[in-house]
>>> print(open('upload_27.cif').read())   # mmCIF, C-alpha atoms
data_my_file
loop_
_atom_site.label_atom_id
_atom_site.label_comp_id
_atom_site.auth_asym_id
_atom_site.auth_seq_id
_atom_site.Cartn_x
_atom_site.Cartn_y
_atom_site.Cartn_z
CA MET A 26 -70.27 -40.55 -137.73
CA ASN A 27 -69.27 -44.11 -138.57
CA GLU A 28 -65.66 -43.35 -137.62
CA LEU A 29 -66.79 -41.91 -134.29
CA LEU A 30 -68.86 -44.98 -133.48
CA LEU A 31 -66.04 -47.27 -134.59
CA GLN A 32 -63.64 -45.69 -132.16
CA ILE A 33 -65.85 -45.30 -129.09
CA PRO A 34 -64.92 -48.14 -126.73
CA SER A 35 -67.50 -50.61 -125.48
CA ASP A 36 -67.02 -49.42 -121.88
CA PHE A 37 -67.86 -45.78 -122.75
CA SER A 38 -69.95 -44.66 -119.80
CA HIS A 39 -71.74 -41.61 -121.19
CA THR A 40 -74.83 -41.31 -123.37
CA ILE A 41 -74.44 -40.17 -126.98
CA VAL A 42 -77.43 -38.61 -128.74
CA LEU A 43 -77.22 -38.13 -132.51
CA CYS A 44 -79.56 -35.62 -134.09
CA LEU A 45 -79.27 -35.55 -137.87
CA HIS A 46 -81.44 -34.12 -140.60
CA ARG A 47 -83.23 -37.08 -142.10
CA LEU A 48 -85.75 -37.79 -144.81
CA ARG A 49 -89.25 -37.69 -143.38
CA ASN A 50 -90.49 -41.07 -144.46
CA VAL A 51 -87.31 -43.14 -144.43
CA ARG A 52 -87.72 -44.77 -141.05
CA THR A 53 -85.44 -47.75 -141.26
CA GLY A 54 -81.87 -48.38 -142.30
CA PHE A 55 -80.07 -45.47 -140.66
CA ALA A 56 -79.71 -46.86 -137.14
CA GLU A 57 -78.99 -50.29 -138.60
CA ALA A 58 -76.18 -48.87 -140.75
CA LEU A 59 -74.65 -47.03 -137.77
CA ARG A 60 -74.90 -50.17 -135.65
CA ILE A 61 -72.59 -52.09 -137.99
CA ASN A 62 -69.53 -50.15 -136.85
CA SER A 63 -70.53 -49.43 -133.27
CA ARG A 64 -69.48 -51.29 -130.15
CA LEU A 65 -72.34 -49.55 -128.35
CA SER A 66 -76.04 -50.19 -128.81
CA VAL A 67 -77.53 -47.77 -131.41
CA THR A 68 -81.30 -47.30 -131.27
CA GLU A 69 -84.02 -44.78 -132.06
CA PRO A 70 -85.73 -43.94 -128.77
CA LEU A 71 -89.45 -44.30 -128.26
CA ASP A 72 -91.41 -41.62 -126.44
CA LYS A 73 -90.71 -41.62 -122.65
CA GLU A 74 -87.97 -44.23 -123.03
CA ILE A 75 -85.44 -44.21 -120.16
CA ILE A 76 -82.07 -42.71 -121.16
CA ARG A 77 -79.28 -45.15 -120.34
CA PRO A 78 -75.51 -44.60 -120.20
CA GLY A 79 -73.20 -46.35 -122.62
CA ARG A 80 -75.69 -46.19 -125.45
CA VAL A 81 -76.09 -44.25 -128.67
CA TYR A 82 -79.52 -42.84 -129.49
CA LEU A 83 -80.50 -41.57 -132.91
CA ALA A 84 -83.30 -38.99 -133.12
CA PRO A 85 -86.16 -40.64 -135.08
CA SER A 86 -87.17 -39.10 -138.38
CA ASN A 87 -90.19 -36.77 -138.38
CA TYR A 88 -90.11 -36.20 -134.60
CA HIS A 89 -88.40 -33.58 -132.43
CA LEU A 90 -86.30 -35.20 -129.73
CA MET A 91 -86.43 -33.66 -126.24
CA PHE A 92 -85.65 -34.71 -122.67
CA ASP A 93 -87.50 -34.60 -119.37
CA ASN A 94 -86.19 -34.20 -115.87
CA SER A 95 -86.90 -37.80 -114.92
CA GLY A 96 -84.24 -39.14 -117.28
CA ARG A 97 -86.50 -39.99 -120.19
CA PHE A 98 -86.74 -38.97 -123.82
CA THR A 99 -89.77 -37.02 -124.98
CA LEU A 100 -90.83 -36.89 -128.62
CA SER A 101 -92.90 -34.20 -130.29
CA VAL A 102 -94.64 -33.75 -133.63
CA SER A 103 -94.84 -29.98 -133.36
CA GLU A 104 -93.96 -27.92 -136.43
CA PRO A 105 -90.49 -28.30 -137.98
CA VAL A 106 -87.90 -25.77 -136.81
CA ASN A 107 -85.38 -24.49 -139.37
CA HIS A 108 -87.32 -26.65 -141.87
CA SER A 109 -86.17 -29.65 -139.85
CA ARG A 110 -87.76 -32.31 -137.67
CA PRO A 111 -85.80 -33.48 -135.82
CA SER A 112 -84.34 -30.04 -135.33
CA ILE A 113 -80.85 -29.82 -133.85
CA ASP A 114 -81.72 -26.49 -132.21
CA VAL A 115 -84.72 -28.05 -130.45
CA CYS A 116 -82.66 -31.06 -129.35
CA PHE A 117 -79.76 -28.92 -128.07
CA GLU A 118 -82.07 -26.46 -126.29
CA ALA A 119 -84.08 -29.19 -124.59
CA ALA A 120 -80.91 -31.06 -123.55
CA SER A 121 -79.25 -27.92 -122.23
CA ASP A 122 -82.30 -27.08 -120.19
CA ILE A 123 -82.00 -30.39 -118.32
CA TYR A 124 -78.27 -31.21 -118.30
CA ARG A 125 -76.76 -27.68 -118.09
CA ASP A 126 -73.00 -27.91 -117.35
CA LYS A 127 -72.95 -31.70 -117.70
CA LEU A 128 -73.65 -31.48 -121.44
CA VAL A 129 -71.20 -31.53 -124.34
CA GLY A 130 -72.67 -30.23 -127.60
CA VAL A 131 -70.96 -30.97 -130.91
CA LEU A 132 -71.97 -29.28 -134.17
CA LEU A 133 -70.75 -31.06 -137.30
CA SER A 134 -70.95 -30.55 -141.06
CA GLY A 135 -74.39 -29.59 -142.37
CA ALA A 136 -76.32 -27.59 -144.92
CA ASN A 137 -78.31 -25.03 -142.91
CA ASN A 138 -78.13 -22.95 -139.73
CA ASP A 139 -79.93 -25.45 -137.53
CA GLY A 140 -77.98 -26.16 -134.33
CA ALA A 141 -76.12 -22.86 -134.05
CA LYS A 142 -78.62 -21.22 -131.69
CA GLY A 143 -79.01 -24.37 -129.62
CA LEU A 144 -75.25 -24.79 -129.26
CA SER A 145 -74.92 -21.19 -128.13
CA LEU A 146 -77.50 -21.91 -125.40
CA ILE A 147 -75.46 -24.92 -124.26
CA LYS A 148 -72.49 -22.60 -123.85
CA LYS A 149 -74.64 -20.05 -122.00
CA ASP A 150 -75.88 -22.76 -119.63
CA GLY A 151 -72.35 -23.84 -118.77
CA GLY A 152 -72.03 -26.82 -121.10
CA LEU A 153 -69.03 -27.50 -123.30
CA THR A 154 -69.28 -26.68 -127.00
CA ILE A 155 -67.35 -28.05 -129.96
CA VAL A 156 -67.76 -27.06 -133.61
CA GLN A 157 -66.20 -28.96 -136.48
CA ASP A 158 -63.61 -26.87 -138.31
CA PRO A 159 -65.44 -25.59 -141.43
CA ASN A 160 -62.30 -26.32 -143.50
CA ASP A 161 -62.63 -29.96 -142.43
CA SER A 162 -66.38 -30.10 -143.11
CA GLU A 163 -68.03 -31.60 -146.15
CA ILE A 164 -70.60 -28.79 -146.00
CA ARG A 165 -69.46 -25.76 -144.04
CA THR A 166 -72.77 -23.89 -143.59
CA MET A 167 -73.70 -25.40 -140.23
CA PRO A 168 -70.34 -25.10 -138.44
CA GLU A 169 -69.85 -21.61 -139.85
CA ALA A 170 -73.28 -20.58 -138.53
CA GLY A 171 -72.21 -21.78 -135.09
CA ILE A 172 -68.91 -19.93 -135.16
CA ASN A 173 -70.58 -16.77 -136.45
CA MET A 174 -73.10 -16.84 -133.60
CA PHE A 175 -70.74 -17.30 -130.65
CA LEU A 176 -67.25 -18.41 -129.69
CA PRO A 177 -67.33 -22.16 -129.07
CA ASP A 178 -64.95 -23.77 -126.58
CA TYR A 179 -63.26 -25.75 -129.35
CA ILE A 180 -63.10 -25.69 -133.15
CA LEU A 181 -61.68 -29.05 -134.15
CA GLU A 182 -61.21 -31.37 -137.10
CA ALA A 183 -63.33 -34.51 -137.04
CA THR A 184 -60.46 -36.77 -135.94
CA LYS A 185 -59.73 -34.52 -132.98
CA ILE A 186 -63.43 -34.37 -132.06
CA ILE A 187 -63.45 -38.17 -131.96
CA ASN A 188 -60.37 -38.23 -129.70
CA PHE A 189 -61.94 -35.61 -127.47
CA ILE A 190 -65.17 -37.59 -127.07
CA LYS A 191 -63.29 -40.85 -126.44
CA ASN A 192 -61.46 -39.22 -123.55
CA ILE A 193 -64.38 -37.50 -121.84
CA MET B 23 -83.31 -23.15 -123.13
CA PRO B 24 -87.02 -22.36 -123.55
CA GLU B 25 -87.79 -18.79 -122.51
CA THR B 26 -90.41 -20.12 -120.12
CA GLY B 27 -88.55 -21.45 -117.09
CA ILE B 28 -89.83 -24.22 -114.85
CA ALA B 29 -91.12 -21.78 -112.21
CA GLU B 30 -92.95 -19.72 -114.85
CA LEU B 31 -94.43 -22.88 -116.37
CA GLN B 32 -95.77 -23.93 -112.98
CA GLU B 33 -97.33 -20.50 -112.49
CA ILE B 34 -99.00 -20.63 -115.92
CA ILE B 35 -100.34 -24.12 -115.12
CA ARG B 36 -101.59 -22.95 -111.69
CA VAL B 37 -103.39 -19.93 -113.14
CA ILE B 38 -105.09 -21.94 -115.88
CA LYS B 39 -106.23 -24.60 -113.40
CA GLN B 40 -107.60 -21.97 -111.02
CA LYS B 41 -109.37 -19.88 -113.64
CA TYR B 42 -110.47 -22.43 -116.24
CA ASN B 43 -110.14 -25.84 -114.51
CA TYR B 44 -107.82 -27.28 -117.17
CA ASP B 45 -104.91 -29.11 -115.56
CA PHE B 46 -101.90 -28.76 -117.84
CA SER B 47 -99.64 -30.37 -115.23
CA VAL B 48 -100.51 -33.63 -116.99
CA TYR B 49 -98.67 -32.45 -120.10
CA SER B 50 -95.12 -33.46 -120.91
CA PRO B 51 -93.12 -30.41 -119.72
CA ALA B 52 -90.49 -30.03 -122.47
CA PRO B 53 -92.87 -29.88 -125.46
CA LEU B 54 -95.34 -27.79 -123.43
CA ARG B 55 -92.67 -25.19 -122.72
CA PHE B 56 -91.73 -25.01 -126.39
CA SER B 57 -95.43 -24.64 -127.26
CA ILE B 58 -95.90 -21.87 -124.71
CA ASP B 59 -92.86 -20.06 -126.11
CA ARG B 60 -94.44 -20.31 -129.55
CA VAL B 61 -97.72 -18.83 -128.26
CA MET B 62 -95.81 -15.98 -126.62
CA HIS B 63 -93.89 -15.35 -129.83
CA ASN B 64 -97.09 -15.40 -131.94
CA HIS B 65 -98.78 -12.87 -129.65
CA TYR B 66 -95.75 -10.63 -129.09
CA LEU B 67 -95.71 -11.42 -125.37
CA LYS B 68 -92.20 -10.77 -124.14
CA TYR B 69 -92.36 -12.38 -120.68
CA PRO B 70 -94.36 -15.28 -119.18
CA GLU B 71 -96.01 -12.80 -116.78
CA HIS B 72 -97.59 -11.10 -119.79
CA LEU B 73 -99.02 -14.45 -120.87
CA VAL B 74 -100.40 -15.05 -117.39
CA SER B 75 -102.12 -11.64 -117.46
CA ARG B 76 -103.69 -12.29 -120.85
CA ILE B 77 -104.92 -15.72 -119.75
CA LEU B 78 -106.42 -14.28 -116.58
CA GLU B 79 -108.06 -11.28 -118.19
CA ASP B 80 -109.25 -12.57 -121.54
CA ALA B 81 -111.33 -15.75 -121.93
CA ASP B 82 -111.25 -15.41 -125.73
CA PHE B 83 -107.47 -15.31 -125.59
CA PHE B 84 -107.54 -18.49 -123.49
CA GLU B 85 -109.55 -20.22 -126.26
CA GLU B 86 -106.86 -19.12 -128.70
CA PHE B 87 -104.22 -20.41 -126.26
CA LEU B 88 -105.97 -23.82 -126.10
CA HIS B 89 -105.96 -23.94 -129.88
CA GLU B 90 -102.33 -22.95 -130.32
CA ILE B 91 -100.99 -25.05 -127.47
CA SER B 92 -102.52 -28.19 -128.97
CA GLN B 93 -101.14 -27.66 -132.46
CA SER B 94 -99.12 -30.40 -134.08
CA SER B 95 -97.98 -30.36 -137.66
CA PHE B 96 -100.52 -31.23 -140.34
CA GLU B 97 -99.47 -34.21 -142.45
CA LEU B 98 -101.94 -36.22 -144.50
CA PHE B 99 -101.33 -39.97 -144.30
CA ARG B 100 -98.38 -39.48 -141.94
CA ASP B 101 -96.48 -42.81 -141.89
CA PRO B 102 -98.13 -44.18 -145.03
CA GLN B 103 -97.21 -47.75 -144.16
CA SER B 104 -99.47 -47.44 -141.10
CA TRP B 105 -102.31 -46.23 -143.27
CA ASP B 106 -101.68 -49.08 -145.69
CA PHE B 107 -101.98 -51.51 -142.77
CA ILE B 108 -105.24 -49.84 -141.72
CA ARG B 109 -106.56 -50.15 -145.28
CA GLU B 110 -105.52 -53.75 -145.78
CA ASN B 111 -106.23 -55.18 -142.33
CA ILE B 112 -108.21 -52.99 -139.97
CA LEU B 113 -110.97 -51.45 -142.07
CA PRO B 114 -111.97 -54.76 -143.71
CA SER B 115 -112.21 -56.29 -140.23
CA LEU B 116 -114.35 -53.39 -138.97
CA PHE B 117 -116.77 -53.60 -141.87
CA ALA B 118 -116.98 -57.38 -141.58
CA SER B 119 -118.15 -57.09 -137.98
CA SER B 120 -120.47 -54.08 -138.24
CA ALA B 121 -122.59 -52.39 -140.90
CA LYS B 122 -121.69 -48.97 -139.47
CA PRO B 123 -118.72 -49.15 -137.12
CA GLU B 124 -117.97 -46.24 -134.79
CA ILE B 125 -114.62 -44.52 -135.26
CA TRP B 126 -113.27 -41.81 -132.94
CA PHE B 127 -110.41 -39.32 -133.21
CA PRO B 128 -109.84 -38.09 -129.63
CA ALA B 129 -107.96 -34.90 -128.65
CA ALA B 130 -107.50 -33.87 -132.27
CA SER B 131 -105.50 -30.75 -133.02
CA ASN B 132 -106.05 -30.70 -136.77
CA GLY B 133 -107.91 -32.60 -139.46
CA ALA B 134 -105.01 -34.48 -141.05
CA SER B 135 -105.90 -37.96 -139.77
CA LEU B 136 -109.64 -37.41 -140.23
CA PHE B 137 -109.28 -36.22 -143.83
CA SER B 138 -106.89 -39.10 -144.52
CA LEU B 139 -109.42 -41.64 -143.30
CA LEU B 140 -112.29 -40.01 -145.22
CA MET B 141 -110.27 -40.15 -148.45
CA MET B 142 -109.35 -43.77 -147.81
CA LEU B 143 -112.96 -44.71 -147.17
CA LYS B 144 -114.10 -42.97 -150.32
CA LEU B 145 -111.43 -44.52 -152.57
CA ASN B 146 -111.23 -48.03 -151.11
CA PHE B 147 -114.55 -48.65 -149.37
CA PRO B 148 -117.05 -46.52 -151.35
CA ASP B 149 -120.10 -48.59 -150.43
CA LYS B 150 -119.34 -48.78 -146.70
CA LYS B 151 -120.58 -46.50 -143.96
CA ALA B 152 -119.00 -45.53 -140.66
CA GLN B 153 -120.09 -43.33 -137.79
CA ILE B 154 -117.15 -41.02 -137.20
CA SER B 155 -116.61 -38.58 -134.37
CA LEU B 156 -113.76 -36.22 -133.62
CA SER B 157 -113.21 -34.50 -130.31
CA SER B 158 -110.90 -31.70 -129.29
CA LEU B 159 -110.10 -29.54 -126.28
CA SER B 160 -110.41 -26.45 -128.46
CA GLU B 161 -113.54 -24.99 -130.04
CA ILE B 162 -111.27 -23.25 -132.56
CA ASN B 163 -109.75 -26.60 -133.56
CA LEU B 164 -113.25 -28.03 -134.07
CA SER B 165 -114.35 -25.03 -136.09
CA GLN B 166 -111.27 -25.14 -138.32
CA ILE B 167 -111.44 -28.91 -138.89
CA SER B 168 -115.18 -28.88 -139.64
CA SER B 169 -114.68 -26.03 -142.13
CA GLY B 170 -112.31 -28.26 -144.15
CA ILE B 171 -109.95 -25.33 -144.72
CA VAL B 172 -106.26 -26.24 -144.66
CA CYS B 173 -103.16 -24.32 -145.66
CA ASN B 174 -101.53 -24.64 -149.04
CA ARG B 175 -98.31 -26.02 -147.56
CA CYS B 176 -100.29 -28.58 -145.50
CA VAL B 177 -101.81 -30.14 -148.60
CA GLU B 178 -98.55 -30.09 -150.57
CA GLY B 179 -96.80 -31.79 -147.62
CA GLY B 180 -99.11 -34.78 -147.98
CA LEU B 181 -98.64 -35.30 -151.73
CA ASP B 182 -95.91 -37.93 -151.52
CA ASN B 183 -97.76 -39.94 -148.89
CA PHE B 184 -100.97 -39.81 -150.93
CA ARG B 185 -99.22 -40.95 -154.11
CA LYS B 186 -97.66 -43.91 -152.31
CA LEU B 187 -101.07 -45.09 -151.18
CA PHE B 188 -103.18 -44.06 -154.16
CA PRO B 189 -100.97 -43.98 -157.26
CA LEU B 190 -103.99 -43.86 -159.58
CA HIS B 191 -105.68 -40.90 -157.89
CA GLU B 192 -105.06 -37.20 -157.38
CA LEU B 193 -105.09 -35.33 -154.09
CA LYS B 194 -106.57 -32.34 -155.91
CA ASP B 195 -109.75 -34.36 -156.40
CA PHE B 196 -110.36 -33.81 -152.67
CA PHE B 197 -108.80 -30.42 -152.01
CA LYS B 198 -109.97 -27.38 -153.97
CA PRO B 199 -108.33 -23.95 -153.89
CA SER B 200 -110.06 -21.59 -151.48
CA GLY B 201 -108.39 -18.17 -151.49
CA LYS B 202 -104.85 -18.67 -150.27
CA ASN B 203 -105.75 -22.06 -148.80
CA PHE B 204 -107.33 -25.32 -149.83
CA SER B 205 -110.70 -26.70 -148.83
CA PHE B 206 -111.43 -30.37 -148.21
CA GLU B 207 -114.47 -30.77 -150.41
CA ASP B 208 -115.67 -34.28 -149.73
CA PRO B 209 -119.32 -34.31 -148.57
CA SER B 210 -118.53 -36.97 -145.96
CA LEU B 211 -117.11 -34.18 -143.76
CA LYS B 212 -120.68 -33.02 -143.12
CA ASN B 213 -121.52 -36.30 -141.42
CA ILE B 214 -118.75 -36.10 -138.83
CA HIS B 215 -119.81 -35.62 -135.22
CA PHE B 216 -117.59 -32.88 -133.74
CA ILE B 217 -117.39 -32.84 -129.94
CA LYS B 218 -115.80 -30.43 -127.47
CA GLN B 219 -114.03 -32.60 -124.91
CA ASP B 220 -112.27 -31.98 -121.62
CA LEU B 221 -108.93 -33.41 -120.53
CA ASN B 222 -110.65 -36.41 -118.90
CA PHE B 223 -112.83 -37.32 -121.91
CA ASN B 224 -115.97 -36.94 -119.74
CA GLY B 225 -119.19 -37.72 -121.57
CA MET B 226 -117.61 -39.62 -124.44
CA LYS B 227 -119.55 -42.63 -125.77
CA ASP B 228 -118.38 -46.21 -125.35
CA GLY B 229 -118.65 -49.09 -127.80
CA VAL B 230 -116.18 -47.56 -130.27
CA ALA B 231 -114.77 -49.92 -132.90
CA MET B 232 -111.61 -47.97 -133.78
CA ILE B 233 -109.83 -45.16 -131.93
CA ILE B 234 -107.16 -43.24 -133.82
CA LEU B 235 -104.89 -41.66 -131.21
CA ARG B 236 -101.76 -41.21 -133.28
CA ASN B 237 -99.07 -39.03 -131.64
CA ILE B 238 -101.54 -37.62 -129.11
CA LEU B 239 -100.03 -39.41 -126.09
CA LEU B 240 -96.72 -37.68 -126.82
CA ASN B 241 -98.26 -34.54 -125.33
CA TYR B 242 -98.79 -36.07 -121.91
CA ASN B 243 -96.54 -37.13 -119.04
CA LEU B 244 -96.18 -40.83 -118.33
CA ASP B 245 -98.73 -40.97 -115.50
CA TYR B 246 -101.37 -39.20 -117.53
CA GLN B 247 -100.65 -41.35 -120.58
CA ASN B 248 -101.72 -44.33 -118.48
CA ILE B 249 -104.88 -42.54 -117.29
CA VAL B 250 -105.78 -41.63 -120.88
CA LEU B 251 -105.16 -45.19 -122.00
CA SER B 252 -107.41 -46.54 -119.22
CA ILE B 253 -110.22 -44.21 -120.28
CA ILE B 254 -109.72 -44.80 -124.00
CA THR B 255 -109.60 -48.57 -123.73
CA SER B 256 -112.72 -48.57 -121.54
CA LEU B 257 -114.56 -46.83 -124.39
CA LEU B 258 -113.26 -49.28 -126.98
CA LYS B 259 -115.49 -52.28 -127.55
CA PRO B 260 -114.01 -55.81 -127.34
CA GLY B 261 -112.40 -56.62 -130.66
CA GLY B 262 -111.96 -52.90 -131.36
CA PHE B 263 -108.70 -51.34 -132.50
CA LEU B 264 -106.47 -48.68 -130.93
CA ILE B 265 -104.01 -46.99 -133.26
CA ILE B 266 -101.16 -44.93 -131.83
CA GLY B 267 -98.08 -43.30 -133.35
CA ILE B 268 -95.19 -45.46 -134.46
CA ASN B 269 -92.76 -44.05 -131.88
CA GLU B 270 -95.18 -44.06 -128.97
CA ASN B 271 -94.73 -46.74 -126.37
CA ILE B 272 -97.58 -48.21 -124.34
CA GLN B 273 -96.01 -51.57 -123.58
CA ASP B 274 -96.00 -51.04 -119.78
CA PHE B 275 -99.73 -50.28 -119.89
CA VAL B 276 -100.37 -53.29 -122.10
CA ASN B 277 -98.36 -55.58 -119.79
CA SER B 278 -100.14 -54.40 -116.65
CA HIS B 279 -103.70 -54.20 -117.96
CA LYS B 280 -103.70 -57.22 -120.27
CA ASN B 281 -106.70 -55.98 -122.24
CA LEU B 282 -104.85 -55.09 -125.44
CA ILE B 283 -102.77 -57.18 -127.80
CA MET B 284 -100.37 -55.70 -130.33
CA LEU B 285 -101.13 -56.87 -133.86
CA GLU B 286 -98.39 -58.57 -135.80
CA GLY B 287 -96.78 -56.23 -138.24
CA PRO B 288 -94.56 -53.21 -138.11
CA GLU B 289 -97.09 -50.76 -136.77
CA ASN B 290 -98.30 -49.69 -133.34
CA ILE B 291 -101.82 -51.08 -133.67
CA TYR B 292 -103.61 -52.83 -130.80
CA LYS B 293 -106.75 -54.90 -130.50
CA LYS B 294 -108.90 -54.96 -127.38
CA ILE B 295 -109.52 -58.43 -125.99
#
>>> encode(input="upload_27.cif", output="structure tokens")
Amino acid sequence: MNELLLQIPSDFSHTIVLCLHRLRNVRTGFAEALRINSRLSVTEPLDKEIIRPGRVYLAPSNYHLMFDNSGRFTLSVSEPVNHSRPSIDVCFEAASDIYRDKLVGVLLSGANNDGAKGLSLIKKDGGLTIVQDPNDSEIRTMPEAGINMFLPDYILEATKIINFIKNI
Amino acid sequence: MPETGIAELQEIIRVIKQKYNYDFSVYSPAPLRFSIDRVMHNHYLKYPEHLVSRILEDADFFEEFLHEISQSSFELFRDPQSWDFIRENILPSLFASSAKPEIWFPAASNGASLFSLLMMLKLNFPDKKAQISLSSLSEINLSQISSGIVCNRCVEGGLDNFRKLFPLHELKDFFKPSGKNFSFEDPSLKNIHFIKQDLNFNGMKDGVAMIILRNILLNYNLDYQNIVLSIITSLLKPGGFLIIGINENIQDFVNSHKNLIMLEGPENIYKKI
């Protein structure tokens, strides 16, 4: 993640949303650490905050991150999904519902199946899907779950994912 | 994509408004759609039309719907640093200004915040009294909260938070096993005033000293958040406190209405001026 943020140029015109499994009560430190290597602003969105291009948003711990059709984030404290809040499935599904074929979903290394179903919905809605090559992943469970569920558009190593995103 | 599409959601909202006069168009659509999908899943309803039929034909089912749609996860002392701030700064101020301050939990979906406050009052302010009310859209919510029964997992999920705030005490002193669940056993629960409310908070009392509205505004769209805040702050007495969730944002309302100030500190706690 740090390498991705390091390489994204300051004039990157798209919005990047990071949804990671996080400890429930560790609220600070994560965004700050990511900010060190990023040329883009990295923040945790508040509820109903306007989504702006050229920024990186990190899903806050202990909330699901969703989107509404007026270009704002929406947070929720409903039950965890896949034992996770934020849940990557919830975030992907909510994003796909709004952004459809304008969305790129990337599923990286991780320790459970969360994200696989949501990424498959992005593909179904016409979005572009990328899964990290399990052989290149620190923990292969999450990317393997994605590949086992559907055929993503790309299966790439992390360095190639970064190059892909830089050139969107 | 949620199984309930936008058109189906609008139809569900229309039917509920027509039949029961609850206007769910004020809810934030994305979480509402996920909640409706969960209700459909729980009741083995395959298509939104099946949900519409059940809502139309079965008033008891609609009560169950109100209960399930309003559910948020149960976490005792969620964001313990906020509760620490309440303990160290807000409650002493309340008790200094009133012998029996009024405290209100509006639009509650479960008893997590109420039970948290009752434990804090018992452990840190044992000789103080407060007049506490809790209101909810759902009779089932009220019945469950007033019974004190909570699930096993719900209590265990609050252990770490409790230990951070009360390292010398045990959560099991408050929660006793009750079948497969736990029961909140503190007698203070019997003194709580439980109120069935509507979406517009009609009939609620004013002069409240502290309103705990944590993560409730998340449920609503932006326009309705502002309406709720107008109503809520009108019921708060000058010098009273409004406590919202740490990732909720009411700054636009605060800037335009100028009747709340945010307290210094890391938490989303406001004082009415």
>>> residues_near_point(input="upload_27.cif", point="(-74.6, -22.6, -140.1)", cutoff="10 Å", atoms="only C-alpha atoms", output="short mmCIF file (atom, residue, chain, number, x, y, z; two decimals) with C-alpha atoms, in the frame of the given file")
data_model
loop_
_atom_site.label_atom_id
_atom_site.label_comp_id
_atom_site.auth_asym_id
_atom_site.auth_seq_id
_atom_site.Cartn_x
_atom_site.Cartn_y
_atom_site.Cartn_z
CA LEU A 132 -71.97 -29.28 -134.17
CA LEU A 133 -70.75 -31.06 -137.30
CA SER A 134 -70.95 -30.55 -141.06
CA GLY A 135 -74.39 -29.59 -142.37
CA ALA A 136 -76.32 -27.59 -144.92
CA ASN A 137 -78.31 -25.03 -142.91
CA ASN A 138 -78.13 -22.95 -139.73
CA ASP A 139 -79.93 -25.45 -137.53
CA GLY A 140 -77.98 -26.16 -134.33
CA ALA A 141 -76.12 -22.86 -134.05
CA LYS A 142 -78.62 -21.22 -131.69
CA PRO A 159 -65.44 -25.59 -141.43
CA ILE A 164 -70.60 -28.79 -146.00
CA ARG A 165 -69.46 -25.76 -144.04
CA THR A 166 -72.77 -23.89 -143.59
CA MET A 167 -73.70 -25.40 -140.23
CA PRO A 168 -70.34 -25.10 -138.44
CA GLU A 169 -69.85 -21.61 -139.85
CA ALA A 170 -73.28 -20.58 -138.53
CA GLY A 171 -72.21 -21.78 -135.09
CA ILE A 172 -68.91 -19.93 -135.16
CA ASN A 173 -70.58 -16.77 -136.45
CA MET A 174 -73.10 -16.84 -133.60
#
>>> closest_residue(input="upload_27.cif", among="A:Ala183, A:Ile33, A:Leu128, A:Val51", to="Asp158 of chain A", atoms="all atoms listed in the file")
A:Ala183
>>> residues_near_point(input="upload_27.cif", point="(-119.2, -47.2, -140.8)", cutoff="9 Å", atoms="all atoms listed in the file", output="PDB file with C-alpha atoms, keeping the file's coordinate frame")
ATOM      1  CA  LEU B 116    -114.350 -53.390-138.970  1.00  0.00           C
ATOM      2  CA  PHE B 117    -116.770 -53.600-141.870  1.00  0.00           C
ATOM      3  CA  SER B 120    -120.470 -54.080-138.240  1.00  0.00           C
ATOM      4  CA  ALA B 121    -122.590 -52.390-140.900  1.00  0.00           C
ATOM      5  CA  LYS B 122    -121.690 -48.970-139.470  1.00  0.00           C
ATOM      6  CA  PRO B 123    -118.720 -49.150-137.120  1.00  0.00           C
ATOM      7  CA  GLU B 124    -117.970 -46.240-134.790  1.00  0.00           C
ATOM      8  CA  ILE B 125    -114.620 -44.520-135.260  1.00  0.00           C
ATOM      9  CA  LYS B 150    -119.340 -48.780-146.700  1.00  0.00           C
ATOM     10  CA  LYS B 151    -120.580 -46.500-143.960  1.00  0.00           C
ATOM     11  CA  ALA B 152    -119.000 -45.530-140.660  1.00  0.00           C
ATOM     12  CA  GLN B 153    -120.090 -43.330-137.790  1.00  0.00           C
ATOM     13  CA  ILE B 154    -117.150 -41.020-137.200  1.00  0.00           C
TER      14      ILE B 154
END
>>> interface_residues(input="upload_27.cif", of="chain B", to="chain A", cutoff="10 Å", atoms="only C-alpha atoms", output="PyMOL selection string")
chain B and resi 23-24+27-28+50-57+91-96+100-103+182-183+237-244+267-272
>>> atom_distance(input="upload_27.cif", atom1="atom CA of Ser47 of chain B", atom2="atom CA of Tyr66 of chain B")
24.4 Å
>>> atom_distance(input="upload_27.cif", atom1="atom CA of Arg60 of chain B", atom2="atom CA of Leu78 of chain B")
18.7 Å
>>> residues_around(input="upload_27.cif", residues="Glu207 of chain B", least_positions_apart="5", cutoff="8 Å", atoms="all atoms listed in the file", output="list in words")
Gly170, Phe196, Phe197 and Lys198 of chain B
>>> residues_around(input="upload_27.cif", residues="Leu83 of chain A", least_positions_apart="5", cutoff="8 Å", atoms="all atoms listed in the file", output="list in words")
Val42, Leu43, Cys44, Leu45, Ala56, Val67, Thr68, Glu69 and Pro70 of chain A
>>> residues_around(input="upload_27.cif", residues="Ile214 of chain B", least_positions_apart="5", cutoff="10 Å", atoms="only C-alpha atoms", output="ChimeraX atom specification")
/B:126,136,140,152-156,168,209
>>> resolve_selection(input="upload_27.cif", expression="the PyMOL selection byres ((chain B and resi 89) around 9)", output="PyMOL selection string")
chain B and resi 84-88+90-93+131+159-163
